[in-house]
file final25.csv (CSV, C-alpha atoms)
chain,number,residue,atom,x,y,z
A,24,MET,CA,30.1,-8.8,-72.0
A,25,LYS,CA,29.2,-5.4,-70.4
A,26,ASN,CA,30.9,-6.5,-67.1
A,27,PHE,CA,34.1,-7.4,-69.1
A,28,TYR,CA,34.3,-3.9,-70.7
A,29,VAL,CA,33.8,-2.3,-67.3
A,30,LEU,CA,36.5,-4.5,-65.7
A,31,SER,CA,38.9,-3.8,-68.6
A,32,LEU,CA,38.4,0.0,-68.2
A,33,LEU,CA,38.8,-0.2,-64.4
A,34,PHE,CA,42.0,-2.1,-64.7
A,35,MET,CA,43.5,0.1,-67.4
A,36,VAL,CA,42.7,3.3,-65.4
A,37,CYS,CA,44.2,1.9,-62.2
A,38,SER,CA,47.2,0.2,-63.8
A,39,THR,CA,48.2,3.3,-65.8
A,40,VAL,CA,48.9,5.1,-62.5
A,41,TRP,CA,51.3,2.4,-61.5
A,42,SER,CA,53.0,1.8,-64.8
A,43,GLN,CA,56.5,3.4,-65.4
A,44,LYS,CA,58.8,3.0,-68.4
A,45,ASP,CA,61.9,2.6,-66.3
A,46,SER,CA,60.6,-0.2,-64.0
A,47,ILE,CA,58.1,-3.0,-63.6
A,48,THR,CA,55.8,-2.7,-60.5
A,49,SER,CA,54.9,-5.8,-58.5
A,50,ILE,CA,52.4,-5.7,-55.7
A,51,ASN,CA,52.3,-8.6,-53.2
A,52,LEU,CA,49.2,-8.9,-51.1
A,53,LYS,CA,49.2,-11.5,-48.4
A,54,TYR,CA,46.0,-13.1,-47.2
A,55,ASN,CA,44.7,-15.3,-44.5
A,56,TYR,CA,42.2,-17.8,-46.0
A,57,VAL,CA,39.8,-19.4,-43.5
A,58,VAL,CA,37.1,-22.0,-44.2
A,59,ARG,CA,34.9,-22.6,-41.1
A,60,GLY,CA,32.7,-25.0,-42.9
A,61,ASN,CA,29.5,-26.4,-41.4
A,62,ALA,CA,29.3,-24.9,-37.9
A,63,ALA,CA,27.6,-28.1,-36.7
A,64,LYS,CA,30.7,-30.1,-37.6
A,65,ASN,CA,33.0,-27.5,-36.2
A,66,ILE,CA,35.5,-27.8,-39.1
A,67,THR,CA,38.0,-25.0,-39.6
A,68,TYR,CA,40.7,-24.9,-42.3
A,69,LYS,CA,43.3,-22.1,-42.3
A,70,ALA,CA,46.0,-21.2,-44.8
A,71,ALA,CA,48.2,-18.3,-45.9
A,72,TYR,CA,48.0,-17.1,-49.6
A,73,ASP,CA,49.9,-14.6,-51.6
A,74,LEU,CA,48.5,-12.5,-54.5
A,75,VAL,CA,51.2,-11.1,-56.7
A,76,LEU,CA,49.9,-8.4,-59.2
A,77,PHE,CA,51.8,-7.0,-62.1
A,78,PRO,CA,49.9,-3.9,-63.3
A,79,ASP,CA,52.3,-3.4,-66.2
A,80,PHE,CA,51.5,-6.9,-67.6
A,81,GLY,CA,47.8,-7.0,-66.7
A,82,LEU,CA,48.5,-10.2,-64.8
A,83,ALA,CA,48.1,-11.6,-61.3
A,84,VAL,CA,48.9,-14.9,-59.6
A,85,TYR,CA,47.3,-16.2,-56.4
A,86,ASP,CA,49.0,-19.1,-54.7
A,87,LYS,CA,49.2,-20.8,-51.4
A,88,GLU,CA,52.1,-19.7,-49.3
A,89,VAL,CA,53.9,-18.5,-52.4
A,90,ASP,CA,57.0,-17.1,-50.5
A,91,LYS,CA,58.5,-16.3,-54.0
A,92,ALA,CA,58.7,-12.5,-53.7
A,93,PRO,CA,60.2,-11.2,-57.0
A,94,LYS,CA,64.0,-11.0,-56.8
A,95,ILE,CA,66.0,-8.7,-59.2
A,96,GLU,CA,69.4,-10.3,-58.6
A,97,ASN,CA,70.8,-12.1,-61.7
A,98,ILE,CA,67.7,-11.7,-63.7
A,99,THR,CA,68.0,-11.6,-67.5
A,100,SER,CA,65.3,-10.7,-70.0
A,101,THR,CA,65.0,-14.4,-71.0
A,102,SER,CA,64.8,-15.9,-67.5
A,103,THR,CA,61.6,-16.7,-65.5
A,104,ALA,CA,61.8,-14.9,-62.2
A,105,ILE,CA,58.8,-16.6,-60.8
A,106,GLU,CA,57.7,-20.1,-61.9
A,107,TRP,CA,54.2,-21.0,-61.1
A,108,LYS,CA,53.8,-24.8,-61.3
A,109,PRO,CA,50.3,-25.9,-60.4
A,110,LYS,CA,51.3,-29.5,-60.1
A,111,GLY,CA,51.6,-31.6,-57.0
A,112,LYS,CA,52.0,-29.3,-54.0
A,113,ASN,CA,51.2,-26.2,-56.0
A,114,LEU,CA,47.6,-27.2,-57.0
A,115,SER,CA,46.3,-24.1,-55.3
A,116,THR,CA,47.6,-21.7,-58.0
A,117,LEU,CA,45.2,-19.3,-59.7
A,118,TYR,CA,46.3,-17.2,-62.7
A,119,LYS,CA,44.5,-14.0,-63.8
A,120,ASN,CA,44.8,-12.3,-67.2
A,121,TYR,CA,42.9,-9.0,-67.1
A,122,ALA,CA,43.5,-8.2,-70.8
A,123,ARG,CA,41.7,-11.4,-71.8
A,124,ASN,CA,39.2,-11.4,-68.9
A,125,GLU,CA,40.1,-14.9,-67.8
A,126,MET,CA,41.5,-16.8,-64.9
A,127,PHE,CA,42.7,-20.4,-64.6
A,128,LEU,CA,42.9,-22.7,-61.6
A,129,LYS,CA,43.0,-26.3,-60.6
A,130,SER,CA,39.8,-27.7,-59.1
A,131,ASN,CA,39.2,-31.0,-57.3
A,132,ILE,CA,36.4,-33.5,-58.2
A,133,ASN,CA,36.5,-36.6,-56.1
A,134,PHE,CA,40.3,-36.4,-55.6
A,135,ARG,CA,41.0,-35.8,-59.3
A,136,PHE,CA,42.1,-32.3,-60.5
A,137,PHE,CA,40.8,-30.5,-63.5
A,138,VAL,CA,41.8,-27.1,-65.0
A,139,GLN,CA,38.9,-24.6,-64.7
A,140,LYS,CA,38.8,-21.5,-66.9
A,141,ASP,CA,36.5,-18.8,-65.6
A,142,SER,CA,35.7,-15.1,-66.4
A,143,LEU,CA,36.9,-12.3,-64.2
A,144,ALA,CA,33.7,-10.3,-64.8
A,145,ILE,CA,31.4,-12.7,-62.9
A,146,PHE,CA,30.5,-10.5,-60.0
A,147,ASP,CA,27.6,-8.1,-59.7
A,148,TRP,CA,28.7,-5.8,-56.9
A,149,ASP,CA,26.6,-3.3,-55.0
A,150,ILE,CA,29.0,-0.6,-53.7
A,151,LYS,CA,28.1,0.9,-50.3
A,152,GLU,CA,29.0,4.2,-48.6
A,153,GLU,CA,30.4,2.4,-45.6
A,154,THR,CA,34.2,2.7,-45.1
A,155,LYS,CA,36.9,1.4,-42.7
A,156,THR,CA,40.7,1.2,-42.6
A,157,ILE,CA,42.6,-2.0,-43.4
A,158,LEU,CA,46.4,-2.0,-43.2
A,159,GLY,CA,46.5,1.8,-43.4
A,160,TYR,CA,44.3,1.9,-46.6
A,161,THR,CA,40.8,3.5,-46.6
A,162,CYS,CA,38.5,0.8,-47.9
A,163,GLN,CA,34.9,0.9,-49.0
A,164,ALA,CA,32.3,-1.8,-48.6
A,165,ALA,CA,30.6,-3.8,-51.4
A,166,THR,CA,28.2,-6.7,-51.4
A,167,THR,CA,27.4,-9.5,-53.9
A,168,THR,CA,25.8,-12.8,-54.2
A,169,PHE,CA,28.1,-15.4,-55.8
A,170,ARG,CA,27.3,-19.0,-56.6
A,171,GLY,CA,25.3,-19.8,-53.5
A,172,ARG,CA,26.5,-17.3,-50.9
A,173,ASN,CA,26.2,-13.7,-50.0
A,174,TYR,CA,29.5,-11.8,-49.5
A,175,LYS,CA,30.7,-8.5,-48.1
A,176,ALA,CA,34.0,-7.2,-49.4
A,177,TRP,CA,36.2,-4.2,-48.6
A,178,PHE,CA,38.3,-2.6,-51.4
A,179,THR,CA,40.7,0.3,-51.7
A,180,THR,CA,41.0,2.5,-54.8
A,181,ALA,CA,44.6,3.3,-53.7
A,182,LEU,CA,45.7,0.0,-55.2
A,183,PRO,CA,45.0,-1.4,-58.7
A,184,VAL,CA,42.1,-3.7,-59.4
A,185,CYS,CA,42.7,-7.2,-58.0
A,186,GLY,CA,41.4,-9.6,-55.4
A,187,PRO,CA,41.9,-12.9,-53.6
A,188,TRP,CA,41.0,-16.2,-55.3
A,189,LYS,CA,38.2,-15.5,-57.9
A,190,PHE,CA,37.0,-12.3,-56.3
A,191,ASP,CA,37.7,-9.3,-58.5
A,192,SER,CA,36.2,-6.5,-60.6
A,193,LEU,CA,35.8,-3.8,-58.0
A,194,PRO,CA,37.4,-0.3,-58.6
A,195,GLY,CA,40.5,-1.3,-56.7
A,196,ALA,CA,42.2,-4.0,-54.6
A,197,ILE,CA,40.0,-6.2,-52.5
A,198,LEU,CA,41.6,-6.5,-49.0
A,199,GLU,CA,38.8,-8.5,-47.3
A,200,VAL,CA,36.0,-10.8,-48.3
A,201,LYS,CA,33.6,-12.6,-45.9
A,202,ALA,CA,30.6,-14.8,-46.5
A,203,SER,CA,27.5,-13.7,-44.6
A,204,ASP,CA,27.1,-17.2,-43.2
A,205,ASP,CA,30.7,-17.1,-41.9
A,206,TYR,CA,31.6,-20.1,-44.0
A,207,VAL,CA,34.7,-18.6,-45.6
A,208,SER,CA,36.8,-15.5,-45.5
A,209,TRP,CA,39.9,-13.8,-47.0
A,210,GLU,CA,41.7,-11.1,-45.0
A,211,ALA,CA,44.8,-9.2,-46.2
A,212,THR,CA,47.6,-9.2,-43.6
A,213,GLY,CA,50.4,-7.4,-45.5
A,214,ILE,CA,51.1,-5.5,-48.7
A,215,ILE,CA,54.5,-5.1,-50.4
A,216,VAL,CA,55.0,-2.8,-53.4
A,217,ASP,CA,58.3,-3.3,-55.3
A,218,LYS,CA,59.9,-1.9,-58.4
A,219,GLN,CA,61.7,-4.3,-60.7
A,220,LYS,CA,64.1,-3.8,-63.6
A,221,PRO,CA,62.4,-2.9,-66.9
A,222,ASP,CA,63.4,-6.2,-68.4
A,223,TYR,CA,61.7,-8.2,-65.7
A,224,PRO,CA,60.1,-11.2,-67.4
A,225,GLN,CA,56.4,-11.6,-67.6
A,226,PRO,CA,55.0,-14.5,-65.6
A,227,GLU,CA,53.7,-17.2,-67.9
A,228,ASN,CA,50.4,-18.9,-67.7
A,229,PRO,CA,51.2,-22.3,-66.1
A,230,PHE,CA,47.9,-23.8,-67.4
A,231,VAL,CA,48.5,-23.0,-71.1
A,232,LEU,CA,49.1,-26.6,-72.1
A,233,ASP,CA,46.2,-28.0,-70.1
A,234,LYS,CA,42.7,-28.6,-71.4
A,235,ALA,CA,40.5,-26.1,-69.5
A,236,LEU,CA,36.8,-26.6,-68.6
A,237,THR,CA,34.4,-23.7,-68.5
A,238,TRP,CA,32.4,-23.2,-65.3
A,239,SER,CA,29.4,-24.8,-66.9
A,240,GLU,CA,31.4,-27.7,-68.1
A,241,PHE,CA,33.0,-28.1,-64.7
A,242,LYS,CA,29.6,-28.1,-62.9
A,243,LEU,CA,28.3,-30.7,-65.4
A,244,LEU,CA,31.4,-33.0,-64.9
A,245,TYR,CA,31.1,-32.5,-61.1
A,246,LYS,CA,27.5,-33.7,-61.1
A,247,GLU,CA,28.3,-36.7,-63.4
A,248,LYS,CA,31.1,-37.8,-61.0
A,249,ALA,CA,28.9,-37.3,-58.0
A,250,ILE,CA,26.2,-39.5,-59.5
A,251,ALA,CA,28.8,-42.1,-60.5
A,252,ALA,CA,30.2,-42.1,-57.0
A,253,SER,CA,26.8,-42.6,-55.5
A,254,LYS,CA,26.3,-45.8,-57.5
A,255,TYR,CA,29.8,-47.1,-56.9
A,256,VAL,CA,30.0,-50.9,-56.3
A,257,THR,CA,33.1,-52.7,-55.1
A,258,LYS,CA,34.5,-55.9,-56.7
A,259,GLU,CA,32.9,-57.8,-53.9
A,260,GLY,CA,29.5,-56.4,-54.9
A,261,GLU,CA,29.2,-54.0,-52.0
A,262,LYS,CA,27.4,-50.8,-52.8
A,263,LEU,CA,29.1,-47.8,-51.0
A,264,ASN,CA,26.6,-45.0,-51.7
A,265,ILE,CA,29.4,-42.3,-51.7
A,266,VAL,CA,27.9,-38.9,-51.0
A,267,THR,CA,29.5,-35.9,-52.7
A,268,ALA,CA,28.8,-32.4,-51.4
A,269,ARG,CA,26.6,-30.2,-53.6
A,270,MET,CA,28.5,-27.1,-52.5
A,271,GLY,CA,31.9,-26.0,-51.3
A,272,VAL,CA,32.9,-22.4,-51.5
A,273,GLU,CA,30.9,-22.4,-54.7
A,274,ARG,CA,27.6,-24.3,-55.5
A,275,TYR,CA,28.3,-27.2,-57.9
A,276,ILE,CA,24.9,-29.0,-57.8
A,277,GLU,CA,21.7,-26.9,-57.4
A,278,GLU,CA,19.5,-27.7,-54.4
A,279,ASP,CA,16.5,-28.5,-56.7
A,280,ASP,CA,18.5,-30.8,-59.0
A,281,LYS,CA,16.6,-34.0,-59.7
A,282,ASP,CA,19.4,-36.1,-61.1
A,283,TYR,CA,21.5,-36.2,-58.0
A,284,GLN,CA,19.7,-37.4,-54.8
A,285,ALA,CA,22.4,-39.4,-52.9
A,286,ASP,CA,22.8,-36.7,-50.2
A,287,LYS,CA,19.1,-36.4,-49.6
A,288,VAL,CA,18.6,-40.2,-49.5
A,289,MET,CA,21.4,-40.6,-47.0
A,290,LYS,CA,19.9,-37.8,-44.8
A,291,LYS,CA,16.6,-39.6,-44.9
A,292,ILE,CA,18.2,-42.9,-43.9
A,293,MET,CA,20.1,-41.3,-41.0
A,294,ASN,CA,16.9,-39.6,-39.7
A,295,GLU,CA,15.0,-42.9,-39.9
A,296,ASN,CA,17.8,-44.6,-37.9
A,297,LYS,CA,17.8,-42.1,-35.1

call {"tool": "encode", "arguments": {"input": "final25.csv", "output": "structure tokens"}}
result
Amino acid sequence: MKNFYVLSLLFMVCSTVWSQKDSITSINLKYNYVVRGNAAKNITYKAAYDLVLFPDFGLAVYDKEVDKAPKIENITSTSTAIEWKPKGKNLSTLYKNYARNEMFLKSNINFRFFVQKDSLAIFDWDIKEETKTILGYTCQAATTTFRGRNYKAWFTTALPVCGPWKFDSLPGAILEVKASDDYVSWEATGIIVDKQKPDYPQPENPFVLDKALTWSEFKLLYKEKAIAASKYVTKEGEKLNIVTARMGVERYIEEDDKDYQADKVMKKIMNENK
């Protein structure tokens, strides 16, 4: 609760500077997202993401290759200038509401997608004295431990509170985040600040009609699905022993969990067969 009040105060102070009665500000931050994965397997995934922040509305939307920069032509107060549809190809959408301290996103469990609702104030940052320049902005370092990994971030107070993916709650915009084990990183590659007409429509929450799971509920469901998959038997009676990862960018199943053992059993079998 304390983190929520701090985040709310930070956002209000930062957004007030950007709010104007005669226009609506939109800030588009472009990021490169890279997952290097397990170095032993040499797996690398790269993608381009956009974060569009509306300080006046207290909202931000993070999406894969959005390419939907706000356009002011032919916009009426009843139209939706940007439509976020996290279905099908847009499953990567993440919606943040700073006034309510919540974010929504689609998450995958064994090829099925579920809506996850999380808090924005879930980070315990340690702000450092170290600084560097990113895209012309003076940034300050901050470190945190988040759901299984240690991270170092760089933020600038010259832009309102926001950040890529779930990362947030520093006193400004996060322009870079990297895991200490080099597993995953987000790096800003461009920043566009625009002024829209004062009747610019507020982006709607695309998840509002979906049943959302809390982080705790999502972790529990993830483990249940992992256990079920490890015991899967085909119609022919063949047991497949499907192994589900305990951790992706976030840790879903704790290392000392006693209920799910499929990965450790498989590792033991592989070592015995060497």

call {"tool": "residues_around", "arguments": {"input": "final25.csv", "residues": "region 126-137 of chain A", "least_positions_apart": "6", "cutoff": "8 Å", "atoms": "all atoms listed in the file", "output": "VMD selection string"}}
result
chain A and resid 109 114 to 120 143 189 230 235 to 236 245 248 to 249 267

call {"tool": "closest_residue", "arguments": {"input": "final25.csv", "among": "A:Met289, A:Leu82, A:Ala211, A:Ile197", "to": "Tyr56 (chain A)", "atoms": "all atoms listed in the file"}}
result
A:Ala211

call {"tool": "closest_residue", "arguments": {"input": "final25.csv", "among": "A:Gly159, A:Pro78, A:Gly213, A:Pro229", "to": "Tyr54 (chain A)", "atoms": "all atoms listed in the file"}}
result
A:Gly213

call {"tool": "residues_near_point", "arguments": {"input": "final25.csv", "point": "(47.4, -5.3, -52.3)", "cutoff": "6 Å", "atoms": "all atoms listed in the file", "output": "VMD selection string"}}
result
chain A and resid 51 to 52 196 214

call {"tool": "closest_residue", "arguments": {"input": "final25.csv", "among": "A:Thr67, A:Asp73, A:Leu244, A:Thr156", "to": "Ile215 (chain A)", "atoms": "all atoms listed in the file"}}
result
A:Asp73

call {"tool": "closest_residue", "arguments": {"input": "final25.csv", "among": "A:Arg274, A:Lys291, A:Lys254, A:Lys53", "to": "Phe169 (chain A)", "atoms": "all atoms listed in the file"}}
result
A:Arg274

call {"tool": "residues_around", "arguments": {"input": "final25.csv", "residues": "region 202-208 of chain A", "least_positions_apart": "4", "cutoff": "10 Å", "atoms": "only C-alpha atoms", "output": "list of chain:residue names"}}
result
A:Tyr54, A:Asn55, A:Tyr56, A:Val57, A:Val58, A:Arg59, A:Gly60, A:Asn61, A:Ala62, A:Ile66, A:Thr67, A:Tyr68, A:Lys69, A:Thr166, A:Thr167, A:Thr168, A:Phe169, A:Arg172, A:Asn173, A:Tyr174, A:Lys175, A:Ala176, A:Pro187, A:Gly271, A:Val272

call {"tool": "atom_distance", "arguments": {"input": "final25.csv", "atom1": "CA of Ser192 (chain A)", "atom2": "CA of Leu76 (chain A)"}}
result
13.9 Å

call {"tool": "atom_distance", "arguments": {"input": "final25.csv", "atom1": "CA of Arg123 (chain A)", "atom2": "CA of Thr212 (chain A)"}}
result
28.9 Å
